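K.L.:
This is the structure I have questions about; it appears just below.
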Amino acid sequence: MPTPSTDTPELLSTPDDLRRWSTASRTAGRSVGMVPTMGALHAGHRALIDRAVADNDRVVVSIFVNPAQFGPTEDFARYPRNMDADLAMLAAAGVHAAFVPTVETMYPAGLVTGLDIAGPLGARLEGASRPGHFNGVALVVTKLLVAGIPDRAYFGQKDAQQCAVVCHLARDLDTGVEIVVCPTVRDTDGLAVSSRNVYLSPEERVQARAIPSSLAEAMGRYEAGERDATALATTVRSHLANAGLDVDYVAVVRADDFTEVEKAAPTNQIVLAARIGNTRLIDVVRLGVDTAPVGRGV
Ligand code: PAF
């Protein structure tokens with residue numbers, strides 16, 4: 001039976017520290033769970049951590065704002081950083097170790113190796129809007145799995161295309177790591193929790209409710225028998241546009257490779273990205289799996 005730590009998590013700062021910690025745990029016969037994060041921890045991260053603590057004897061959470069996955073005009077510099085609060089959350093959750101490397105440690109001068117996520121999974125939707133993003137995610141996740149040699153690693157369903165990328169890389173690179181995808185956590189207004197929600201002004205936060213309610217409207221149509229993917233996507237798009245959001249994309253996709261479908265089926269997902277002012281948010285519902293993401297009072 002896994003035992004949450006009652007101590008402050010051990011601080012690990014280099015990939016070698018992480019490998020030594022993990023090797024010692026495994027040599028002692030302990031299973032290892034890893035939760036990769038970029039910090040600014042919220043209830044969504046806490047759900048991943050709680051699941052990892054329940055599933056594994058030892059849990060390490062990485063906190064690293066990964067420059068390789070941000071485009072030149074994106075929010076790397078202003079991405080929220082909150083190390084003291086993050087470490088307090090890890091201690092409260094019973095996490096055994098925190099891996100907190102510097103950029104120089106993760107990407108030393110002279111690094112020549114990269115990863116390329118091929119096909120529609122890397123190039124479409126998030127991949128098209130954020131060129132190079134998934135290659136940067138794949139590189140850092142691979143480095144974390146190689147150094148951390150976990151039995152399991154935990155990711156949030158909200159980043160649906162990222163989850164598909166990570167599942168593929170874990171299999172393609174024979175990591176032997178089980179990738180556990182955990183359900184999206186939503187605030188009481190239905191908005192999926194995200195580190196980027198802090199960018200929203202109070203007025204924008206109200207406007208952002210259109211994101212879960214657009215998906216709820218499309219799910220309602222799906223449940224009433226609508227199977228035409230264009231019709232479902234148009235429902236979401238119109239709902240968002242009527243609320244004044246700037247729609248980046250809406251699509252009904254296969255969960256494994258993110259190719260778009262013409263007829264919606266229970267294993268498909270509706271994915272979207274939209275901007276409210278300067279803030280870009282993404283969301284997803286899984287047809288036939290999720291309940292409609294309507295917040296209380298929306
Ligand atoms: O989802 C995130 O927070 C990041 O993309 C991840 C997986 C930690 C890689 O930097």
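By convention here, the chains of the structure tokens are called A, B, ... in the order presented, each chain's residues are numbered starting at 1, and ligands are numbered starting at 1 in the order presented.
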Quick one: everything within 10 Å of region 216-224 of chain A, counting only C-alpha atoms, minus sequence neighbours fewer than 5 positions away in the same chain. Send it as a VMD selection string.

P.N.:
chain A and resid 190 210 to 211 229 231 to 237 239 264 to 266 270 285 to 288 290 to 295

K.L.:
Residues at most 8 Å from ligand 1, using only C-alpha atoms and all ligand atoms? Could they come as a list in words?

P.N.:
Val35, Pro36, Thr37, Met38, Gly39, Ser62, Ile63, Phe64, Val65, Asn66, Gln69, Gly136, Val137, Ala138, Val140, Val141, Phe155, Gly156, Asp159 and Gln162 of chain A

K.L.:
Please, could you write that set of residues out with N, CA, C and O atoms as a short mmCIF file (atom, residue, chain, number, x, y, z; two decimals), in the first residue's frame?

P.N.:
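Written file, again-v7.cif:
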data_model
loop_
_atom_site.label_atom_id
_atom_site.label_comp_id
_atom_site.auth_asym_id
_atom_site.auth_seq_id
_atom_site.Cartn_x
_atom_site.Cartn_y
_atom_site.Cartn_z
N VAL A 35 5.05 13.13 -11.98
CA VAL A 35 4.09 14.11 -12.50
C VAL A 35 4.88 15.29 -13.07
O VAL A 35 5.38 16.12 -12.31
N PRO A 36 5.02 15.36 -14.42
CA PRO A 36 5.73 16.49 -15.01
C PRO A 36 4.84 17.74 -15.01
O PRO A 36 3.67 17.67 -15.40
N THR A 37 5.37 18.87 -14.54
CA THR A 37 4.59 20.12 -14.53
C THR A 37 5.50 21.30 -14.89
O THR A 37 6.73 21.17 -14.86
N MET A 38 4.85 22.42 -15.17
CA MET A 38 5.61 23.67 -15.33
C MET A 38 5.35 24.57 -14.12
O MET A 38 5.53 25.78 -14.19
N GLY A 39 4.90 23.98 -13.01
CA GLY A 39 4.67 24.76 -11.80
C GLY A 39 3.38 25.56 -11.87
O GLY A 39 2.49 25.25 -12.66
N SER A 62 8.02 17.10 -11.22
CA SER A 62 9.00 18.03 -11.79
C SER A 62 8.35 19.39 -11.99
O SER A 62 7.16 19.47 -12.34
N ILE A 63 9.12 20.43 -11.71
CA ILE A 63 8.66 21.81 -11.91
C ILE A 63 9.69 22.47 -12.80
O ILE A 63 10.83 22.73 -12.38
N PHE A 64 9.31 22.71 -14.07
CA PHE A 64 10.27 23.28 -15.01
C PHE A 64 9.50 23.96 -16.13
O PHE A 64 8.77 23.31 -16.87
N VAL A 65 9.63 25.29 -16.21
CA VAL A 65 9.00 26.02 -17.31
C VAL A 65 9.93 25.83 -18.51
O VAL A 65 11.03 26.38 -18.55
N ASN A 66 9.47 25.01 -19.45
CA ASN A 66 10.32 24.49 -20.52
C ASN A 66 10.39 25.46 -21.70
O ASN A 66 9.44 25.53 -22.49
N GLN A 69 9.27 24.62 -25.51
CA GLN A 69 7.90 24.43 -26.02
C GLN A 69 7.16 25.75 -26.21
O GLN A 69 5.97 25.75 -26.50
N GLY A 136 9.12 20.48 -28.68
CA GLY A 136 9.68 20.93 -27.39
C GLY A 136 9.12 20.14 -26.23
O GLY A 136 9.84 19.79 -25.29
N VAL A 137 7.81 19.85 -26.28
CA VAL A 137 7.20 19.02 -25.22
C VAL A 137 7.82 17.63 -25.25
O VAL A 137 8.20 17.07 -24.21
N ALA A 138 7.92 17.07 -26.46
CA ALA A 138 8.45 15.70 -26.59
C ALA A 138 9.88 15.61 -26.06
O ALA A 138 10.24 14.65 -25.37
N VAL A 140 11.41 17.54 -23.75
CA VAL A 140 11.54 17.63 -22.29
C VAL A 140 10.92 16.40 -21.61
O VAL A 140 11.48 15.88 -20.63
N VAL A 141 9.80 15.92 -22.12
CA VAL A 141 9.18 14.74 -21.49
C VAL A 141 10.10 13.53 -21.64
O VAL A 141 10.30 12.75 -20.70
N PHE A 155 -0.57 12.80 -16.78
CA PHE A 155 -0.84 13.98 -17.60
C PHE A 155 -2.34 14.27 -17.57
O PHE A 155 -3.15 13.36 -17.40
N GLY A 156 -2.69 15.55 -17.76
CA GLY A 156 -4.09 15.96 -17.71
C GLY A 156 -4.74 15.94 -19.09
O GLY A 156 -4.16 16.41 -20.08
N ASP A 159 -5.04 18.87 -21.91
CA ASP A 159 -4.04 19.02 -22.98
C ASP A 159 -4.10 17.77 -23.85
O ASP A 159 -3.17 16.95 -23.87
N GLN A 162 -1.43 16.97 -26.47
CA GLN A 162 -0.18 16.66 -25.76
C GLN A 162 -0.23 15.23 -25.22
O GLN A 162 0.77 14.50 -25.28
#

K.L.:
Within region 43-260 of chain A, find each residue whose DSSP state, derived from the backbone, is alpha helix (DSSP H), and express the selection as a ChimeraX atom specification.

P.N.:
/A:43-55,83-93,103-106,119-123,126-129,133-148,160-172,202-207,210-223,229-242

K.L.:
Separation of CA of Asn82 (chain A) and CA of Leu41 (chain A), in Å?

P.N.:
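Separation between CA of Asn82 (chain A) and CA of Leu41 (chain A): 8.0 Å.
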
K.L.:
Based on DSSP run over this structure's backbone, return all residues of region 24-221 of chain A in strand (DSSP E), as an MDAnalysis selection string.

P.N.:
chainID A and resid 32:37 58:63 97:99 152:156 178:182
